[in-house]
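*Asks:* Below is one structure. I have some questions about it.
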Amino acid sequence: MIRLTRTLVMTCLLVSPLLAIASPINIVAGENFYGDLAQQLGGAHVQVTSILNNPNQDPHLFEASATTAKALSQAQLVIYNGIDYDPWMEKLLSASNRPQRKVLIAGRLMQKKIGDNPHLWYNPATMQAMAQAISAELQSVDPTNRAEYRQRLQQVQNSLLALNGKIHTLRAHYAGTPVTATEPVFGYMAEALGLTMRNTRFQLAVMNDTEPSASDIAAFENDLKQHKVKVLLYNSQASDQSAKHVQQVALQAKIPVVGITETEPSGQHYQDWMSGQLAALARTLEH
């Protein structure tokens with residue numbers, strides 16, 4: 001019996017570390033672009049669930065389910081946007097008390113507040129900062145694989161720097177170009193590109209589900225009809241009647257319309273998604 005007990009103890013000592021290594025870090029992301037970033041940084045050592053992951057659905061109409069609550073209750077690391085873009089996340093987290101759970105909020109990391117443009121992932125600096133923060137959490141939770149996490153972080157940072165290179169190239173060509181949009185989704189990226197964004201009051205009204213004023217609608221229509229802007233950036237994922245109306249005005253005035261989304265398309269990494277939208281915008285601005 002003593003010999004058998006010693007054998008079992010030795011077996012447990014040998015197997016337990018292997019089980020700990022084999023078990024992936026459970027991560028839940030409010031939005032799939034943050035989830036994608038976590039997957040790139042963690043590789044096989046993480047298991048990522050992204051809640052908002054359908055680019056064909058309006059993220060503002062999302063309602064949390066029991067499945068969402070269960071996923072969060074089991075998460076070791078939670079990542080989400082914050083600043084009232086995903087208010088359901090805070091409610092679910094407060095209802096599921098787990099002291100050991102780590103939480104990363106992009107809005108807090110970028111020192112933004114409610115009322116600021118919440119589409120932080122269109123700000124190149126946000127994803128750089130989030131990559132560093134996520135990697136630091138992974139290294140803290142799983143120091144055994146710290147070297148791999150650091151290597152993956154460097155790879156992600158290099159790819160984000162390459163994306164920044166494309167942004168700087170476009171800025172050199174198109175800074176100051178007047179553009180407009182149905183919502184401020186692309187706002188941070190437009191700023192990074194040096195574009196002059198018009199009709200911002202209209203955009204805020206649409207984002208906040210309020211009716212734009214008659215004067216703001218008239219100003220928007222005038223910009224399109226008088227060709228005071230080079231392109232209309234249209235949120236193809238979420239749009240109300242006012243936005244659809246100005247899209248029709250743009251098409252009638254032969255102002256090019258470039259579609260953008262709030263959610264990362266399936267099968268793409270964040271870097272590919274942003275590069276594709278930048279390429280589409282560049283093709284339009286060339287003419």
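Identifiers for the structure tokens are assigned positionally: chains receive A, B, ... in sequence, residues are indexed from 1 per chain, and ligands are indexed from 1 in the order shown.
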Find the spatial neighbours of Thr126 (chain A), counting only C-alpha atoms, within a cut-off of 12 Å - ignore same-chain residues fewer than 3 positions away - and output them as a short mmCIF file (atom, residue, chain, number, x, y, z; two decimals) with N, CA and C atoms, in the first residue's frame.
*Replies:*
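The resulting part29.cif:
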data_model
loop_
_atom_site.label_atom_id
_atom_site.label_comp_id
_atom_site.auth_asym_id
_atom_site.auth_seq_id
_atom_site.Cartn_x
_atom_site.Cartn_y
_atom_site.Cartn_z
N PHE A 33 -12.67 42.08 -32.63
CA PHE A 33 -11.34 42.59 -32.99
C PHE A 33 -10.40 42.52 -31.79
N TYR A 34 -10.94 42.72 -30.58
CA TYR A 34 -10.12 42.53 -29.39
C TYR A 34 -9.86 41.04 -29.16
N LEU A 37 -7.15 39.97 -31.52
CA LEU A 37 -5.85 40.43 -31.03
C LEU A 37 -5.33 39.49 -29.94
N ASN A 81 -14.59 47.09 -24.85
CA ASN A 81 -14.33 48.45 -25.29
C ASN A 81 -14.57 49.48 -24.20
N ILE A 105 -10.12 47.12 -20.19
CA ILE A 105 -11.11 47.98 -20.84
C ILE A 105 -10.36 49.00 -21.71
N ALA A 106 -10.63 48.97 -23.00
CA ALA A 106 -9.92 49.85 -23.93
C ALA A 106 -10.13 51.31 -23.59
N GLY A 107 -11.36 51.69 -23.27
CA GLY A 107 -11.65 53.08 -22.95
C GLY A 107 -10.85 53.59 -21.77
N ARG A 108 -10.74 52.75 -20.75
CA ARG A 108 -9.97 53.13 -19.57
C ARG A 108 -8.48 53.22 -19.91
N LEU A 109 -8.01 52.27 -20.71
CA LEU A 109 -6.60 52.26 -21.09
C LEU A 109 -6.23 53.52 -21.88
N MET A 110 -7.16 53.95 -22.74
CA MET A 110 -6.91 55.12 -23.59
C MET A 110 -7.37 56.42 -22.92
N GLN A 111 -7.79 56.34 -21.65
CA GLN A 111 -8.21 57.51 -20.86
C GLN A 111 -9.34 58.29 -21.55
N LYS A 112 -10.32 57.53 -22.04
CA LYS A 112 -11.50 58.14 -22.65
C LYS A 112 -12.67 58.07 -21.67
N PRO A 118 -16.75 56.36 -29.20
CA PRO A 118 -16.43 55.06 -28.62
C PRO A 118 -15.74 54.08 -29.55
N HIS A 119 -15.60 54.41 -30.83
CA HIS A 119 -15.06 53.47 -31.80
C HIS A 119 -13.52 53.48 -31.76
N LEU A 120 -13.01 53.08 -30.61
CA LEU A 120 -11.58 53.22 -30.31
C LEU A 120 -10.68 52.37 -31.18
N TRP A 121 -11.18 51.27 -31.69
CA TRP A 121 -10.36 50.35 -32.48
C TRP A 121 -9.96 50.93 -33.83
N TYR A 122 -10.60 52.03 -34.22
CA TYR A 122 -10.18 52.71 -35.44
C TYR A 122 -9.04 53.69 -35.16
N ASN A 123 -8.64 53.78 -33.92
CA ASN A 123 -7.47 54.57 -33.54
C ASN A 123 -6.26 53.64 -33.50
N ALA A 129 -1.63 49.78 -27.79
CA ALA A 129 -1.71 49.77 -26.33
C ALA A 129 -2.39 48.52 -25.82
N MET A 130 -3.45 48.09 -26.49
CA MET A 130 -4.17 46.89 -26.08
C MET A 130 -3.31 45.64 -26.25
N ALA A 131 -2.52 45.59 -27.31
CA ALA A 131 -1.63 44.44 -27.54
C ALA A 131 -0.64 44.30 -26.39
N GLN A 132 -0.06 45.41 -25.97
CA GLN A 132 0.88 45.37 -24.85
C GLN A 132 0.21 44.95 -23.56
N ALA A 133 -1.00 45.48 -23.32
CA ALA A 133 -1.71 45.17 -22.08
C ALA A 133 -2.14 43.71 -22.03
N ILE A 134 -2.66 43.19 -23.15
CA ILE A 134 -3.08 41.79 -23.20
C ILE A 134 -1.89 40.87 -23.01
N GLN A 157 3.11 43.68 -33.00
CA GLN A 157 3.52 45.09 -33.06
C GLN A 157 4.11 45.43 -34.43
N LEU A 160 1.26 45.85 -36.83
CA LEU A 160 0.56 47.10 -36.58
C LEU A 160 1.39 48.30 -37.06
N TYR A 188 -11.61 58.25 -35.75
CA TYR A 188 -10.21 58.23 -35.32
C TYR A 188 -9.27 57.95 -36.49
N MET A 189 -9.69 57.06 -37.39
CA MET A 189 -8.85 56.75 -38.54
C MET A 189 -8.78 57.94 -39.49
#
*Asks:* Give me, as a PDB file with C-alpha atoms, in the first residue's frame, all polymer residues having an atom no more than 6 Å from region 225-239 of chain A, counting only C-alpha atoms and skipping those fewer than 5 positions away in the same chain.
*Replies:*
ATOM      1  CA  ASN A  56     -24.015  41.782 -40.601  1.00  0.00           C
ATOM      2  CA  ASP A  58     -26.118  46.069 -35.670  1.00  0.00           C
ATOM      3  CA  PRO A 178     -12.840  66.848 -47.206  1.00  0.00           C
ATOM      4  CA  VAL A 179     -14.955  63.753 -46.497  1.00  0.00           C
ATOM      5  CA  THR A 180     -18.158  62.986 -44.652  1.00  0.00           C
ATOM      6  CA  ALA A 181     -19.781  60.020 -42.929  1.00  0.00           C
ATOM      7  CA  THR A 182     -23.137  58.773 -41.687  1.00  0.00           C
ATOM      8  CA  ALA A 253     -24.953  63.283 -56.811  1.00  0.00           C
ATOM      9  CA  ILE A 255     -20.377  61.042 -54.715  1.00  0.00           C
ATOM     10  CA  PRO A 256     -18.534  57.754 -54.101  1.00  0.00           C
ATOM     11  CA  VAL A 257     -19.716  55.736 -51.104  1.00  0.00           C
ATOM     12  CA  VAL A 258     -17.245  53.574 -49.168  1.00  0.00           C
ATOM     13  CA  GLY A 259     -18.762  51.037 -46.788  1.00  0.00           C
ATOM     14  CA  ILE A 260     -17.225  50.423 -43.381  1.00  0.00           C
ATOM     15  CA  THR A 261     -18.201  48.116 -40.532  1.00  0.00           C
TER      16      THR A 261
END
*Asks:* What are the DSSP alpha helix (DSSP H) residues of region 94-159 of chain A, as a VMD selection string?
*Replies:* chain A and resid 94 to 95 106 to 109 124 to 141 146 to 159
*Asks:* Suppose we keep N, CA and C atoms; can you now write the selection as a tab-separated table (two decimals), in the first residue's frame?
*Replies:*
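Dumped to out_31.tsv:
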chain	number	residue	atom	x	y	z
A	94	SER	N	-20.69	42.60	-13.15
A	94	SER	CA	-21.07	42.90	-11.76
A	94	SER	C	-21.98	41.82	-11.18
A	95	ALA	N	-22.68	41.11	-12.07
A	95	ALA	CA	-23.57	40.03	-11.62
A	95	ALA	C	-22.83	38.71	-11.43
A	106	ALA	N	-10.63	48.97	-23.00
A	106	ALA	CA	-9.92	49.85	-23.93
A	106	ALA	C	-10.13	51.31	-23.59
A	107	GLY	N	-11.36	51.69	-23.27
A	107	GLY	CA	-11.65	53.08	-22.95
A	107	GLY	C	-10.85	53.59	-21.77
A	108	ARG	N	-10.74	52.75	-20.75
A	108	ARG	CA	-9.97	53.13	-19.57
A	108	ARG	C	-8.48	53.22	-19.91
A	109	LEU	N	-8.01	52.27	-20.71
A	109	LEU	CA	-6.60	52.26	-21.09
A	109	LEU	C	-6.23	53.52	-21.88
A	124	PRO	N	-5.29	53.80	-34.39
A	124	PRO	CA	-4.14	52.89	-34.42
A	124	PRO	C	-3.44	52.76	-33.07
A	125	ALA	N	-3.41	53.82	-32.29
A	125	ALA	CA	-2.73	53.78	-30.99
A	125	ALA	C	-3.43	52.84	-30.02
A	126	THR	N	-4.74	52.69	-30.17
A	126	THR	CA	-5.50	51.82	-29.25
A	126	THR	C	-5.04	50.39	-29.35
A	127	MET	N	-4.88	49.90	-30.56
A	127	MET	CA	-4.54	48.48	-30.73
A	127	MET	C	-3.10	48.20	-30.30
A	128	GLN	N	-2.22	49.17	-30.46
A	128	GLN	CA	-0.86	49.01	-29.95
A	128	GLN	C	-0.88	48.89	-28.43
A	129	ALA	N	-1.63	49.78	-27.79
A	129	ALA	CA	-1.71	49.77	-26.33
A	129	ALA	C	-2.39	48.52	-25.82
A	130	MET	N	-3.45	48.09	-26.49
A	130	MET	CA	-4.17	46.89	-26.08
A	130	MET	C	-3.31	45.64	-26.25
A	131	ALA	N	-2.52	45.59	-27.31
A	131	ALA	CA	-1.63	44.44	-27.54
A	131	ALA	C	-0.64	44.30	-26.39
A	132	GLN	N	-0.06	45.41	-25.97
A	132	GLN	CA	0.88	45.37	-24.85
A	132	GLN	C	0.21	44.95	-23.56
A	133	ALA	N	-1.00	45.48	-23.32
A	133	ALA	CA	-1.71	45.17	-22.08
A	133	ALA	C	-2.14	43.71	-22.03
A	134	ILE	N	-2.66	43.19	-23.15
A	134	ILE	CA	-3.08	41.79	-23.20
A	134	ILE	C	-1.89	40.87	-23.01
A	135	SER	N	-0.80	41.17	-23.69
A	135	SER	CA	0.40	40.34	-23.57
A	135	SER	C	0.93	40.33	-22.15
A	136	ALA	N	0.90	41.46	-21.49
A	136	ALA	CA	1.36	41.54	-20.10
A	136	ALA	C	0.51	40.64	-19.20
A	137	GLU	N	-0.81	40.62	-19.43
A	137	GLU	CA	-1.69	39.76	-18.64
A	137	GLU	C	-1.39	38.29	-18.90
A	138	LEU	N	-1.16	37.93	-20.14
A	138	LEU	CA	-0.87	36.54	-20.49
A	138	LEU	C	0.44	36.09	-19.84
A	139	GLN	N	1.44	36.96	-19.86
A	139	GLN	CA	2.72	36.62	-19.25
A	139	GLN	C	2.59	36.48	-17.73
A	140	SER	N	1.71	37.26	-17.15
A	140	SER	CA	1.49	37.19	-15.70
A	140	SER	C	0.78	35.90	-15.32
A	141	VAL	N	-0.23	35.53	-16.08
A	141	VAL	CA	-1.01	34.32	-15.79
A	141	VAL	C	-0.22	33.06	-16.11
A	146	ARG	N	6.29	32.71	-21.21
A	146	ARG	CA	6.55	34.14	-21.37
A	146	ARG	C	7.35	34.45	-22.65
A	147	ALA	N	8.32	33.64	-22.96
A	147	ALA	CA	9.16	33.90	-24.14
A	147	ALA	C	8.32	33.88	-25.42
A	148	GLU	N	7.40	32.92	-25.50
A	148	GLU	CA	6.55	32.85	-26.70
A	148	GLU	C	5.60	34.04	-26.77
A	149	TYR	N	5.04	34.45	-25.61
A	149	TYR	CA	4.15	35.61	-25.62
A	149	TYR	C	4.90	36.87	-26.07
A	150	ARG	N	6.12	37.00	-25.62
A	150	ARG	CA	6.92	38.16	-26.03
A	150	ARG	C	7.21	38.14	-27.52
A	151	GLN	N	7.48	36.95	-28.04
A	151	GLN	CA	7.73	36.82	-29.47
A	151	GLN	C	6.49	37.16	-30.28
A	152	ARG	N	5.35	36.67	-29.81
A	152	ARG	CA	4.10	36.97	-30.51
A	152	ARG	C	3.76	38.46	-30.42
A	153	LEU	N	4.03	39.07	-29.29
A	153	LEU	CA	3.79	40.50	-29.15
A	153	LEU	C	4.62	41.28	-30.17
A	154	GLN	N	5.86	40.89	-30.34
A	154	GLN	CA	6.72	41.57	-31.31
A	154	GLN	C	6.18	41.42	-32.72
A	155	GLN	N	5.68	40.24	-33.04
A	155	GLN	CA	5.10	40.01	-34.37
A	155	GLN	C	3.87	40.88	-34.59
A	156	VAL	N	3.01	40.94	-33.58
A	156	VAL	CA	1.80	41.76	-33.69
A	156	VAL	C	2.17	43.23	-33.81
A	157	GLN	N	3.11	43.68	-33.00
A	157	GLN	CA	3.52	45.09	-33.06
A	157	GLN	C	4.11	45.43	-34.43
A	158	ASN	N	4.88	44.51	-34.99
A	158	ASN	CA	5.44	44.74	-36.33
A	158	ASN	C	4.34	44.88	-37.37
A	159	SER	N	3.30	44.03	-37.27
A	159	SER	CA	2.21	44.10	-38.23
A	159	SER	C	1.41	45.39	-38.06
*Asks:* Considering only C-alpha atoms, return as a VMD selection string whatever protein or nucleic-acid residues lie within 12 Å of Ser266 (chain A), sequence-local ones (same chain, fewer than 4 positions apart) excluded.
*Replies:* chain A and resid 32 to 33 36 50 52 to 56 261 270 272 to 273
*Asks:* Applying 12 Å and only C-alpha atoms, which residues near Val48 (chain A) remain after dropping the ones on its own chain fewer than 3 positions away? List them as number ranges by chain.
*Replies:* A: 24-45, 51, 53, 71-72, 74-79
*Asks:* Residues of region 23-85 of chain A within 12 Å of region 194-210 of chain A: nearest atom pair and distance (Å, one decimal) for each, counting only C-alpha atoms, sorted by chain and number, as a tab-separated table?
*Replies:*
residue	atom	partner	partner_atom	distance
A:Asp58	CA	A:Met207	CA	11.5
A:Pro59	CA	A:Met207	CA	11.5
A:His60	CA	A:Met207	CA	9.2
A:Leu61	CA	A:Asp209	CA	11.2
A:Asp84	CA	A:Asn208	CA	11.0
A:Tyr85	CA	A:Met207	CA	10.5
